[in-house]
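Dropping my_file23.cif in here (mmCIF, C-alpha atoms):
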```cif
data_coords
loop_
_atom_site.group_PDB
_atom_site.id
_atom_site.type_symbol
_atom_site.label_atom_id
_atom_site.label_comp_id
_atom_site.auth_asym_id
_atom_site.auth_seq_id
_atom_site.Cartn_x
_atom_site.Cartn_y
_atom_site.Cartn_z
ATOM 1 C CA MET A 6 91.333 -25.289 -56.781
ATOM 2 C CA THR A 7 93.324 -27.856 -58.729
ATOM 3 C CA ASN A 8 92.752 -27.549 -62.449
ATOM 4 C CA ILE A 9 92.237 -31.142 -63.616
ATOM 5 C CA TYR A 10 91.632 -29.852 -67.150
ATOM 6 C CA TRP A 11 95.061 -28.282 -67.672
ATOM 7 C CA PRO A 12 97.068 -31.516 -68.160
ATOM 8 C CA VAL A 13 94.554 -32.650 -70.780
ATOM 9 C CA TYR A 14 94.788 -29.275 -72.514
ATOM 10 C CA LYS A 15 98.583 -29.497 -72.527
ATOM 11 C CA ASN A 16 98.422 -32.945 -74.097
ATOM 12 C CA LEU A 17 96.129 -31.672 -76.848
ATOM 13 C CA GLU A 18 98.421 -28.696 -77.386
ATOM 14 C CA LYS A 19 101.422 -31.006 -77.633
ATOM 15 C CA GLU A 20 99.711 -32.978 -80.385
ATOM 16 C CA LEU A 21 99.054 -29.786 -82.340
ATOM 17 C CA LEU A 22 102.672 -28.742 -81.809
ATOM 18 C CA ASN A 23 103.764 -32.063 -83.299
ATOM 19 C CA LEU A 24 101.656 -31.288 -86.354
ATOM 20 C CA THR A 25 103.430 -27.943 -86.765
ATOM 21 C CA TYR A 26 106.675 -29.848 -87.356
ATOM 22 C CA SER A 27 105.015 -31.950 -90.051
ATOM 23 C CA ILE A 28 103.045 -29.165 -91.727
ATOM 24 C CA HIS A 29 104.324 -25.688 -92.514
ATOM 25 C CA ILE A 30 101.349 -23.792 -91.109
ATOM 26 C CA ASP A 31 100.679 -20.698 -93.152
ATOM 27 C CA ASP A 32 97.554 -19.330 -94.847
ATOM 28 C CA THR A 33 97.742 -21.898 -97.658
ATOM 29 C CA GLN A 34 97.672 -24.820 -95.205
ATOM 30 C CA LEU A 35 94.803 -23.841 -92.922
ATOM 31 C CA ASN A 36 92.284 -25.929 -94.888
ATOM 32 C CA VAL A 37 94.407 -29.074 -94.551
ATOM 33 C CA TYR A 38 92.222 -31.726 -92.934
ATOM 34 C CA SER A 39 92.684 -35.251 -91.663
ATOM 35 C CA SER A 40 91.198 -37.798 -89.304
ATOM 36 C CA LYS A 41 93.880 -36.864 -86.770
ATOM 37 C CA ILE A 42 92.922 -33.172 -86.805
ATOM 38 C CA LEU A 43 89.241 -34.099 -86.644
ATOM 39 C CA ASP A 44 89.921 -36.298 -83.607
ATOM 40 C CA LEU A 45 91.696 -33.422 -81.843
ATOM 41 C CA ILE A 46 88.745 -31.118 -82.512
ATOM 42 C CA ILE A 47 86.302 -33.599 -81.003
ATOM 43 C CA ARG A 48 88.493 -34.101 -77.936
ATOM 44 C CA CYS A 49 88.754 -30.335 -77.467
ATOM 45 C CA ALA A 50 84.967 -30.027 -77.633
ATOM 46 C CA ILE A 51 84.535 -32.694 -74.945
ATOM 47 C CA GLU A 52 86.886 -30.732 -72.676
ATOM 48 C CA ILE A 53 85.107 -27.449 -73.403
ATOM 49 C CA GLU A 54 81.788 -29.020 -72.483
ATOM 50 C CA SER A 55 83.130 -30.245 -69.130
ATOM 51 C CA ILE A 56 85.107 -27.174 -68.072
ATOM 52 C CA SER A 57 82.421 -24.671 -69.103
ATOM 53 C CA LYS A 58 79.739 -26.527 -67.146
ATOM 54 C CA GLU A 59 81.913 -26.661 -64.038
ATOM 55 C CA LEU A 60 82.662 -22.945 -64.327
ATOM 56 C CA TYR A 61 78.946 -22.282 -64.820
ATOM 57 C CA LEU A 62 78.093 -23.941 -61.510
ATOM 58 C CA GLN A 63 81.024 -22.285 -59.722
ATOM 59 C CA GLU A 64 79.890 -18.862 -60.894
ATOM 60 C CA GLY A 65 76.323 -19.141 -59.673
ATOM 61 C CA GLY A 66 74.577 -20.965 -62.494
ATOM 62 C CA THR A 67 71.298 -22.282 -61.152
ATOM 63 C CA LYS A 68 70.349 -24.835 -63.759
ATOM 64 C CA LYS A 69 71.167 -28.337 -62.508
ATOM 65 C CA GLY A 70 70.145 -30.628 -65.336
ATOM 66 C CA ASN A 71 70.529 -30.477 -69.118
ATOM 67 C CA ILE A 72 73.118 -27.684 -68.942
ATOM 68 C CA LYS A 73 74.086 -26.819 -72.508
ATOM 69 C CA TYR A 74 77.745 -25.810 -72.728
ATOM 70 C CA ASP A 75 77.142 -23.188 -75.406
ATOM 71 C CA GLU A 76 73.662 -21.787 -74.821
ATOM 72 C CA THR A 77 73.753 -21.999 -71.015
ATOM 73 C CA ALA A 78 77.256 -22.298 -69.560
ATOM 74 C CA ILE A 79 79.368 -20.143 -71.884
ATOM 75 C CA LYS A 80 76.479 -17.685 -72.218
ATOM 76 C CA LEU A 81 76.649 -17.020 -68.467
ATOM 77 C CA LEU A 82 80.463 -16.768 -68.490
ATOM 78 C CA ASN A 83 80.343 -14.295 -71.376
ATOM 79 C CA LYS A 84 77.829 -12.192 -69.462
ATOM 80 C CA LYS A 85 79.917 -12.169 -66.270
ATOM 81 C CA TRP A 86 83.415 -11.924 -67.718
ATOM 82 C CA SER A 87 82.965 -10.699 -71.328
ATOM 83 C CA LEU A 88 84.832 -13.756 -72.609
ATOM 84 C CA ASP A 89 83.315 -13.081 -76.017
ATOM 85 C CA LYS A 90 85.601 -10.035 -76.240
ATOM 86 C CA LYS A 91 88.806 -11.649 -74.945
ATOM 87 C CA ILE A 92 91.604 -11.984 -77.491
ATOM 88 C CA VAL A 93 93.872 -15.016 -77.817
ATOM 89 C CA ILE A 94 97.071 -14.545 -79.823
ATOM 90 C CA ILE A 95 98.749 -17.316 -81.804
ATOM 91 C CA SER A 96 102.306 -16.753 -80.635
ATOM 92 C CA SER A 97 104.067 -20.008 -81.519
ATOM 93 C CA ALA A 98 107.205 -19.571 -83.625
ATOM 94 C CA ASN A 99 106.037 -22.556 -85.683
ATOM 95 C CA CYS A 100 102.919 -20.748 -86.933
ATOM 96 C CA PHE A 101 103.030 -18.400 -89.909
ATOM 97 C CA GLN A 102 99.390 -17.646 -90.680
ATOM 98 C CA THR A 103 98.467 -14.008 -91.321
ATOM 99 C CA ASN A 104 95.591 -13.876 -88.854
ATOM 100 C CA ARG A 105 97.107 -14.528 -85.433
ATOM 101 C CA ILE A 106 94.363 -12.777 -83.447
ATOM 102 C CA LEU A 107 91.472 -14.990 -82.360
ATOM 103 C CA ILE A 108 88.316 -14.219 -80.374
ATOM 104 C CA PRO A 109 87.265 -17.819 -79.788
ATOM 105 C CA LEU A 110 84.224 -17.238 -77.570
ATOM 106 C CA GLU A 111 82.593 -14.660 -79.828
ATOM 107 C CA LYS A 112 79.402 -15.846 -81.474
ATOM 108 C CA LYS A 113 79.481 -14.692 -85.085
ATOM 109 C CA GLU A 114 78.869 -17.786 -87.260
ATOM 110 C CA PRO A 115 75.234 -18.319 -88.352
ATOM 111 C CA ARG A 116 73.589 -21.716 -87.925
ATOM 112 C CA GLU A 117 70.917 -23.058 -90.253
ATOM 113 C CA ASN A 118 68.242 -21.681 -87.888
ATOM 114 C CA GLY A 119 69.773 -18.225 -88.128
ATOM 115 C CA LYS A 120 71.138 -18.157 -84.583
ATOM 116 C CA LEU A 121 74.794 -17.294 -84.115
ATOM 117 C CA THR A 122 77.353 -19.656 -82.625
ATOM 118 C CA PHE A 123 81.101 -19.973 -82.215
ATOM 119 C CA LYS A 124 83.153 -20.795 -85.314
ATOM 120 C CA TRP A 125 84.564 -23.930 -83.711
ATOM 121 C CA ASN A 126 81.133 -25.077 -82.535
ATOM 122 C CA LEU A 127 79.726 -24.917 -86.054
ATOM 123 C CA CYS A 128 82.545 -27.211 -87.153
ATOM 124 C CA TYR A 129 82.149 -29.565 -84.178
ATOM 125 C CA GLN A 130 78.401 -29.990 -84.655
ATOM 126 C CA ALA A 131 78.893 -30.693 -88.353
ATOM 127 C CA ILE A 132 81.477 -33.441 -87.901
ATOM 128 C CA LYS A 133 79.639 -34.904 -84.899
ATOM 129 C CA HIS A 134 76.431 -35.421 -86.852
ATOM 130 C CA ASN A 135 77.876 -36.391 -90.245
ATOM 131 C CA ARG A 136 81.569 -37.167 -90.098
ATOM 132 C CA ARG A 137 81.931 -38.556 -93.623
ATOM 133 C CA GLU A 138 80.287 -35.609 -95.375
ATOM 134 C CA ASN A 139 81.920 -32.972 -93.176
ATOM 135 C CA LEU A 140 85.414 -34.418 -92.917
ATOM 136 C CA PRO A 141 86.930 -31.269 -94.559
ATOM 137 C CA ASP A 142 85.729 -29.315 -91.496
ATOM 138 C CA GLY A 143 88.314 -31.248 -89.502
ATOM 139 C CA ASN A 144 90.985 -28.774 -90.603
ATOM 140 C CA LEU A 145 93.786 -26.773 -89.018
ATOM 141 C CA GLU A 146 91.910 -23.483 -88.955
ATOM 142 C CA ASN A 147 89.086 -25.012 -86.916
ATOM 143 C CA LEU A 148 91.562 -26.795 -84.651
ATOM 144 C CA PHE A 149 93.279 -23.501 -83.770
ATOM 145 C CA SER A 150 89.865 -21.956 -83.137
ATOM 146 C CA ILE A 151 88.627 -24.636 -80.744
ATOM 147 C CA LEU A 152 91.943 -25.161 -78.954
ATOM 148 C CA SER A 153 92.205 -21.402 -78.308
ATOM 149 C CA ALA A 154 88.708 -21.509 -76.757
ATOM 150 C CA LEU A 155 89.805 -24.338 -74.478
ATOM 151 C CA PHE A 156 92.966 -22.416 -73.555
ATOM 152 C CA LEU A 157 90.949 -19.329 -72.596
ATOM 153 C CA LEU A 158 88.543 -21.336 -70.443
ATOM 154 C CA ASN A 159 91.505 -22.930 -68.666
ATOM 155 C CA VAL A 160 92.994 -19.493 -67.987
ATOM 156 C CA TYR A 161 89.753 -18.438 -66.315
ATOM 157 C CA PHE A 162 89.398 -21.700 -64.467
ATOM 158 C CA LYS A 163 92.834 -21.259 -62.879
ATOM 159 C CA LYS A 164 92.323 -17.550 -62.017
ATOM 160 C CA GLU A 165 95.967 -17.196 -61.051
ATOM 161 C CA GLU A 166 97.321 -14.010 -59.482
ATOM 162 C CA PHE A 167 100.900 -12.900 -60.144
ATOM 163 C CA LYS A 168 103.169 -10.688 -58.067
ATOM 164 C CA LEU A 169 104.887 -8.362 -60.541
ATOM 165 C CA GLY A 170 107.095 -6.265 -58.278
ATOM 166 C CA GLU A 171 107.667 -2.830 -59.841
ATOM 167 C CA ASP A 172 106.518 -3.973 -63.307
ATOM 168 C CA SER A 173 103.520 -1.677 -63.867
ATOM 169 C CA LYS A 174 103.199 -2.713 -67.527
ATOM 170 C CA GLY A 175 103.070 -6.458 -66.954
ATOM 171 C CA ASN A 176 105.924 -7.040 -69.373
ATOM 172 C CA ASN A 177 107.857 -9.434 -67.202
ATOM 173 C CA PHE A 178 105.338 -12.159 -66.588
ATOM 174 C CA SER A 179 104.613 -14.681 -69.282
ATOM 175 C CA HIS A 180 101.597 -13.757 -71.388
ATOM 176 C CA SER A 181 101.482 -17.367 -72.561
ATOM 177 C CA LEU A 182 100.507 -18.560 -69.063
ATOM 178 C CA GLY A 183 102.091 -21.932 -69.734
ATOM 179 C CA SER A 184 100.930 -22.404 -73.318
ATOM 180 C CA GLU A 185 103.429 -23.047 -76.115
ATOM 181 C CA ILE A 186 101.022 -21.900 -78.822
ATOM 182 C CA PHE A 187 98.863 -19.085 -77.441
ATOM 183 C CA SER A 188 99.160 -15.874 -75.443
ATOM 184 C CA ILE A 189 96.651 -13.475 -73.901
ATOM 185 C CA LYS A 190 96.529 -9.680 -73.825
ATOM 186 C CA VAL A 191 97.497 -7.822 -70.655
ATOM 187 C CA HIS A 192 96.265 -4.324 -69.777
ATOM 188 C CA PRO A 193 99.008 -2.235 -68.102
ATOM 189 C CA SER A 194 98.406 -0.178 -65.007
ATOM 190 C CA GLY A 195 96.951 3.168 -66.013
ATOM 191 C CA GLY A 196 96.679 4.796 -62.609
ATOM 192 C CA PHE A 197 93.362 6.309 -61.525
ATOM 193 C CA ASN A 198 90.761 8.521 -63.143
ATOM 194 C CA GLN A 199 89.242 11.621 -61.538
ATOM 195 C CA TYR A 200 86.936 9.488 -59.397
ATOM 196 C CA LEU A 201 89.830 7.386 -58.060
ATOM 197 C CA ASP A 202 88.673 4.376 -60.043
ATOM 198 C CA ILE A 203 91.281 2.346 -61.924
ATOM 199 C CA SER A 204 91.736 3.799 -65.411
ATOM 200 C CA LYS A 205 90.772 1.476 -68.247
ATOM 201 C CA GLY A 206 91.901 1.863 -71.849
ATOM 202 C CA LYS A 207 89.701 1.214 -74.871
ATOM 203 C CA ASN A 208 91.080 -2.309 -75.205
ATOM 204 C CA PHE A 209 90.477 -3.294 -71.574
ATOM 205 C CA GLU A 210 87.776 -5.859 -72.374
ATOM 206 C CA GLU A 211 90.095 -7.595 -74.846
ATOM 207 C CA CYS A 212 92.558 -8.335 -72.050
ATOM 208 C CA SER A 213 92.326 -11.471 -69.940
ATOM 209 C CA TYR A 214 94.694 -9.930 -67.377
ATOM 210 C CA TYR A 215 95.283 -6.435 -66.061
ATOM 211 C CA VAL A 216 97.919 -4.865 -63.825
ATOM 212 C CA ARG A 217 96.996 -3.033 -60.651
ATOM 213 C CA LEU A 218 98.712 -1.882 -57.495
ATOM 214 C CA GLU A 219 98.883 -4.200 -54.520
ATOM 215 C CA GLU A 220 96.244 -3.309 -51.934
ATOM 216 C CA TYR A 221 98.616 -1.507 -49.548
ATOM 217 C CA HIS A 222 100.198 0.630 -52.293
ATOM 218 C CA GLU A 223 96.825 1.371 -53.890
ATOM 219 C CA LYS A 224 95.431 2.614 -50.578
ATOM 220 C CA LYS A 225 98.545 4.699 -49.974
ATOM 221 C CA LEU A 226 98.346 6.359 -53.397
ATOM 222 C CA LYS A 227 94.608 7.051 -53.135
ATOM 223 C CA GLU A 228 95.102 8.758 -49.792
ATOM 224 C CA PHE A 229 97.846 10.922 -51.272
ATOM 225 C CA LEU A 230 95.662 11.887 -54.251
ATOM 226 C CA GLN A 231 92.754 12.812 -52.005
ATOM 227 C CA ASN A 232 95.009 14.980 -49.845
ATOM 228 C CA ALA A 233 96.633 16.542 -52.903
ATOM 229 C CA ASN A 234 93.236 17.383 -54.334
ATOM 230 C CA GLN A 235 92.197 19.026 -51.075
ATOM 231 C CA GLN A 236 95.416 21.036 -50.991
ATOM 232 C CA PHE A 237 94.887 22.081 -54.606
ATOM 233 C CA PHE A 238 91.333 23.112 -53.727
ATOM 234 C CA GLU A 239 92.558 25.243 -50.821
ATOM 235 C CA LEU A 240 95.119 26.966 -53.065
ATOM 236 C CA VAL A 241 92.580 27.688 -55.791
ATOM 237 C CA LYS A 242 90.135 29.128 -53.215
ATOM 238 C CA THR A 243 92.582 31.937 -52.464
ATOM 239 C CA ARG A 244 92.387 33.245 -56.054
ATOM 240 C CA LYS A 245 90.189 36.215 -56.786
ATOM 241 C CA GLY A 246 86.980 35.248 -58.564
ATOM 242 C CA PHE A 247 86.916 31.684 -57.230
ATOM 243 C CA ASP A 248 83.449 32.019 -55.660
ATOM 244 C CA GLU A 249 81.938 32.575 -59.082
ATOM 245 C CA LEU A 250 83.043 29.072 -60.166
ATOM 246 C CA GLU A 251 80.697 27.335 -57.675
ATOM 247 C CA LEU A 252 82.938 24.284 -57.197
ATOM 248 C CA ASN A 253 83.244 21.656 -54.489
ATOM 249 C CA ALA A 254 86.223 19.433 -53.662
ATOM 250 C CA ASP A 255 85.198 15.959 -54.869
ATOM 251 C CA ASN A 256 87.717 13.106 -55.151
ATOM 252 C CA THR A 257 90.345 14.226 -57.661
ATOM 253 C CA SER A 258 87.866 15.867 -60.025
ATOM 254 C CA LEU A 259 89.232 19.376 -59.470
ATOM 255 C CA ILE A 260 92.619 18.399 -60.813
ATOM 256 C CA PHE A 261 91.046 17.476 -64.143
ATOM 257 C CA ASN A 262 88.520 20.317 -64.198
ATOM 258 C CA THR A 263 88.923 22.342 -67.408
ATOM 259 C CA LYS A 264 86.915 25.195 -65.901
ATOM 260 C CA ILE A 265 89.593 25.639 -63.223
ATOM 261 C CA GLU A 266 92.375 25.409 -65.779
ATOM 262 C CA ARG A 267 90.783 28.201 -67.819
ATOM 263 C CA PHE A 268 90.172 30.229 -64.662
ATOM 264 C CA LEU A 269 93.805 30.012 -63.513
ATOM 265 C CA GLY A 270 95.493 29.993 -66.897
ATOM 266 C CA PRO A 271 97.912 27.220 -67.934
ATOM 267 C CA ASP A 272 100.985 28.562 -66.110
ATOM 268 C CA GLU A 273 99.275 29.192 -62.757
ATOM 269 C CA TYR A 274 97.352 25.939 -63.072
ATOM 270 C CA MET A 275 100.563 23.904 -63.436
ATOM 271 C CA LYS A 276 102.241 25.872 -60.659
ATOM 272 C CA LEU A 277 99.487 24.931 -58.177
ATOM 273 C CA ILE A 278 99.446 21.327 -59.399
ATOM 274 C CA ASN A 279 103.178 21.073 -58.732
ATOM 275 C CA VAL A 280 102.737 22.475 -55.232
ATOM 276 C CA ALA A 281 99.836 20.189 -54.345
ATOM 277 C CA PHE A 282 101.522 17.099 -55.752
ATOM 278 C CA ARG A 283 104.903 17.671 -54.174
ATOM 279 C CA GLY A 284 105.952 14.316 -52.706
ATOM 280 C CA MET A 285 104.178 12.207 -55.346
ATOM 281 C CA GLN A 286 107.384 10.460 -56.405
ATOM 282 C CA GLU A 287 108.150 9.510 -52.833
ATOM 283 C CA VAL A 288 104.733 7.837 -52.549
ATOM 284 C CA THR A 289 105.005 5.964 -55.834
ATOM 285 C CA ASN A 290 108.603 4.838 -55.339
ATOM 286 C CA ASN A 291 108.813 1.117 -54.624
ATOM 287 C CA SER A 292 105.167 0.548 -55.528
ATOM 288 C CA ARG A 293 104.328 -3.097 -56.085
ATOM 289 C CA TYR A 294 101.943 -4.479 -58.691
ATOM 290 C CA LEU A 295 99.807 -7.550 -59.278
ATOM 291 C CA GLY A 296 98.702 -9.340 -62.426
ATOM 292 C CA LYS A 297 94.961 -9.965 -61.926
ATOM 293 C CA ILE A 298 92.529 -11.897 -64.070
ATOM 294 C CA ASN A 299 89.956 -9.648 -65.734
ATOM 295 C CA ILE A 300 86.570 -10.724 -64.393
ATOM 296 C CA ASN A 301 84.879 -7.309 -64.670
ATOM 297 C CA GLU A 302 85.467 -6.447 -61.015
ATOM 298 C CA ILE A 303 86.568 -2.862 -61.773
#
```

With the file now loaded, output its structure as structure tokens.
Amino acid sequence: MTNIYWPVYKNLEKELLNLTYSIHIDDTQLNVYSSKILDLIIRCAIEIESISKELYLQEGGTKKGNIKYDETAIKLLNKKWSLDKKIVIISSANCFQTNRILIPLEKKEPRENGKLTFKWNLCYQAIKHNRRENLPDGNLENLFSILSALFLLNVYFKKEEFKLGEDSKGNNFSHSLGSEIFSIKVHPSGGFNQYLDISKGKNFEECSYYVRLEEYHEKKLKEFLQNANQQFFELVKTRKGFDELELNADNTSLIFNTKIERFLGPDEYMKLINVAFRGMQEVTNNSRYLGKININEI
């Protein structure tokens, strides 16, 4: 689907980039405010309202009228995709602030009623309802916050997939995804766990993209691992005392079973692993990877 929001985002980003040539953006300048910055914040909020509502309906939202972008639309997207955990990095060479890690769709700022909202939304509501009194909220810090939220929503609206060739770490595709100010985090391929599920590191939910094998190569590797596990199981069965372990061959769980490692001893354990996994390099050679958007599908 064509992303009609991206050109508008890029125009807003360009206007912020122009400001970075007029203002040396470091920690001492983040409270700088102006009518221009305030205008950019309001325009970002209008875009966020539109794109979040469209995503809400695309992703199965059932409410048809009076869809609130924050309490309805983004709430659903956070639930489905954990957007409230996704990190956006300020990566522009023109920016020198200390805090370059943003989590723009995390609700952590208290409203007057005690409910939490997004940092940028607190600012937007203030200047929308009383511009004169809240003009200082139209500052650079809040502009970076709201523009990063709009960037992240655009990333998820586009849902692009990237062919990475042999790049299992995802180092060779642009983490900026077309932005000149922001970047996202990418989770490298970590292989499979003992249940043949894709391994996920502790920071997986922070990453908007992850790297995985192309379908053909993933199937090929899983088949090899299943066969290797079975071969390992057959080798272990020949060892005296095996029956007392009461084990069954199940996925690749035997390979990671500490009970078996203690039973065999470290040297014998590695010897049998090497036998069972002979040919692994041949299977993994020329594997091809994809950069996939992280929508909690694994």

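Between Ile186 (chain A) and the candidates A:Ile265, A:Leu110, A:Leu21, A:Val160, the tightest atom-to-atom separation, counting all atoms listed in the file, involves A:Leu21.
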
Could you write out as JSON the box around region 184-202 of chain A (axis-aligned, all atoms listed in the file, 5 Å on each side), with centre and edge lengths in Å to one decimal?
```
{"center_x": 95.2, "center_y": -5.7, "center_z": -68.4, "size_x": 26.5, "size_y": 44.7, "size_z": 30.8}
```

Tell me which of A:Ile92, A:Tyr38, A:Phe247, A:Ile278 sits closest to Pro141 (chain A), counting all atoms listed in the file. A:Tyr38

Taking the file as shown, find all residues satisfying the PyMOL selection byres ((chain A and resi 195-211) around 9) and write them as a ChimeraX atom specification. /A:86-93,108,173-174,189-194,212-218,227,230-231,255-261,299,301,303

Would you mind exporting the chosen residues as an mmCIF file, keeping the file's coordinate frame, restricted to C-alpha atoms?
```
data_model
loop_
_atom_site.group_PDB
_atom_site.id
_atom_site.type_symbol
_atom_site.label_atom_id
_atom_site.label_comp_id
_atom_site.auth_asym_id
_atom_site.auth_seq_id
_atom_site.Cartn_x
_atom_site.Cartn_y
_atom_site.Cartn_z
ATOM 1 C CA TRP A 86 83.415 -11.924 -67.718
ATOM 2 C CA SER A 87 82.965 -10.699 -71.328
ATOM 3 C CA LEU A 88 84.832 -13.756 -72.609
ATOM 4 C CA ASP A 89 83.315 -13.081 -76.017
ATOM 5 C CA LYS A 90 85.601 -10.035 -76.240
ATOM 6 C CA LYS A 91 88.806 -11.649 -74.945
ATOM 7 C CA ILE A 92 91.604 -11.984 -77.491
ATOM 8 C CA VAL A 93 93.872 -15.016 -77.817
ATOM 9 C CA ILE A 108 88.316 -14.219 -80.374
ATOM 10 C CA SER A 173 103.520 -1.677 -63.867
ATOM 11 C CA LYS A 174 103.199 -2.713 -67.527
ATOM 12 C CA ILE A 189 96.651 -13.475 -73.901
ATOM 13 C CA LYS A 190 96.529 -9.680 -73.825
ATOM 14 C CA VAL A 191 97.497 -7.822 -70.655
ATOM 15 C CA HIS A 192 96.265 -4.324 -69.777
ATOM 16 C CA PRO A 193 99.008 -2.235 -68.102
ATOM 17 C CA SER A 194 98.406 -0.178 -65.007
ATOM 18 C CA CYS A 212 92.558 -8.335 -72.050
ATOM 19 C CA SER A 213 92.326 -11.471 -69.940
ATOM 20 C CA TYR A 214 94.694 -9.930 -67.377
ATOM 21 C CA TYR A 215 95.283 -6.435 -66.061
ATOM 22 C CA VAL A 216 97.919 -4.865 -63.825
ATOM 23 C CA ARG A 217 96.996 -3.033 -60.651
ATOM 24 C CA LEU A 218 98.712 -1.882 -57.495
ATOM 25 C CA LYS A 227 94.608 7.051 -53.135
ATOM 26 C CA LEU A 230 95.662 11.887 -54.251
ATOM 27 C CA GLN A 231 92.754 12.812 -52.005
ATOM 28 C CA ASP A 255 85.198 15.959 -54.869
ATOM 29 C CA ASN A 256 87.717 13.106 -55.151
ATOM 30 C CA THR A 257 90.345 14.226 -57.661
ATOM 31 C CA SER A 258 87.866 15.867 -60.025
ATOM 32 C CA LEU A 259 89.232 19.376 -59.470
ATOM 33 C CA ILE A 260 92.619 18.399 -60.813
ATOM 34 C CA PHE A 261 91.046 17.476 -64.143
ATOM 35 C CA ASN A 299 89.956 -9.648 -65.734
ATOM 36 C CA ASN A 301 84.879 -7.309 -64.670
ATOM 37 C CA ILE A 303 86.568 -2.862 -61.773
#
```

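Reported to one decimal place, the separation of CA of Leu140 (chain A) from CA of Glu185 (chain A) is 27.1 Å.
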
Exactly which residues make up the result of the PyMOL selection byres ((chain A and resi 102) around 12) on this file, given as a PDB file with C-alpha atoms, in the coordinates of the input?
```pdb
ATOM      1  CA  THR A  25     103.430 -27.943 -86.765  1.00  0.00           C
ATOM      2  CA  HIS A  29     104.324 -25.688 -92.514  1.00  0.00           C
ATOM      3  CA  ILE A  30     101.349 -23.792 -91.109  1.00  0.00           C
ATOM      4  CA  ASP A  31     100.679 -20.698 -93.152  1.00  0.00           C
ATOM      5  CA  ASP A  32      97.554 -19.330 -94.847  1.00  0.00           C
ATOM      6  CA  THR A  33      97.742 -21.898 -97.658  1.00  0.00           C
ATOM      7  CA  GLN A  34      97.672 -24.820 -95.205  1.00  0.00           C
ATOM      8  CA  LEU A  35      94.803 -23.841 -92.922  1.00  0.00           C
ATOM      9  CA  ASN A  36      92.284 -25.929 -94.888  1.00  0.00           C
ATOM     10  CA  ILE A  94      97.071 -14.545 -79.823  1.00  0.00           C
ATOM     11  CA  ILE A  95      98.749 -17.316 -81.804  1.00  0.00           C
ATOM     12  CA  SER A  96     102.306 -16.753 -80.635  1.00  0.00           C
ATOM     13  CA  SER A  97     104.067 -20.008 -81.519  1.00  0.00           C
ATOM     14  CA  ALA A  98     107.205 -19.571 -83.625  1.00  0.00           C
ATOM     15  CA  ASN A  99     106.037 -22.556 -85.683  1.00  0.00           C
ATOM     16  CA  CYS A 100     102.919 -20.748 -86.933  1.00  0.00           C
ATOM     17  CA  PHE A 101     103.030 -18.400 -89.909  1.00  0.00           C
ATOM     18  CA  THR A 103      98.467 -14.008 -91.321  1.00  0.00           C
ATOM     19  CA  ASN A 104      95.591 -13.876 -88.854  1.00  0.00           C
ATOM     20  CA  ARG A 105      97.107 -14.528 -85.433  1.00  0.00           C
ATOM     21  CA  ILE A 106      94.363 -12.777 -83.447  1.00  0.00           C
ATOM     22  CA  LEU A 107      91.472 -14.990 -82.360  1.00  0.00           C
ATOM     23  CA  LEU A 145      93.786 -26.773 -89.018  1.00  0.00           C
ATOM     24  CA  GLU A 146      91.910 -23.483 -88.955  1.00  0.00           C
ATOM     25  CA  PHE A 149      93.279 -23.501 -83.770  1.00  0.00           C
TER      26      PHE A 149
END
```

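This file, filtered with the PyMOL selection byres ((chain A and resi 282) around 10), gives the residues Phe229, Leu230, Asn232, Ala233, Asn234, Gln236, Phe237, Leu277, Ile278, Asn279, Val280, Ala281, Arg283, Gly284, Met285 and Gln286 of chain A.
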
Can you measure CA of Lys41 (chain A) to CA of Leu148 (chain A) for me? One decimal in Å is fine. 10.5 Å

Non-local contacts of region 51-57 of chain A (7 Å; only C-alpha atoms; under 3 positions in same chain excluded) as a PyMOL selection string: chain A and resi 47-48+60-61+74+78-79+155

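One finds CA of Lys112 (chain A) at 9.9 Å from CA of Lys80 (chain A).
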
Taking (89.1, -24.6, -75.0) in the coordinates of the supplied file, I want to know which residues reach to within 8 Å of it, counting only C-alpha atoms; could you give the answer as a PyMOL selection string? chain A and resi 14+49-50+52-53+151-159

Go through A:Asn83, A:Asn8, A:Gln63, A:Ser188 and flag the residue nearest Ile300 (chain A), using all atoms listed in the file for the distances. A:Asn83

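When only C-alpha atoms are used to compute distances to Lys19 (chain A), the closest of the residues A:Thr7, A:Ser39, A:Ser184, A:Asn135 turns out to be A:Ser184.
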
Shortest contact to Glu20 (chain A), candidates A:Lys124, A:Asp142, A:Val37, A:Leu45, atoms counted only C-alpha atoms, goes to A:Leu45

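Nearest residue to Glu171 (chain A) among A:Phe268, A:Tyr129, A:Tyr294, A:Tyr274 is A:Tyr294, counting all atoms listed in the file.
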
Write out as a ChimeraX atom specification each polymer residue whose atoms come within 9 Å of Cys128 (chain A), counting only C-alpha atoms; drop sequence neighbours fewer than 6 positions from it. /A:46,139,142-143,147
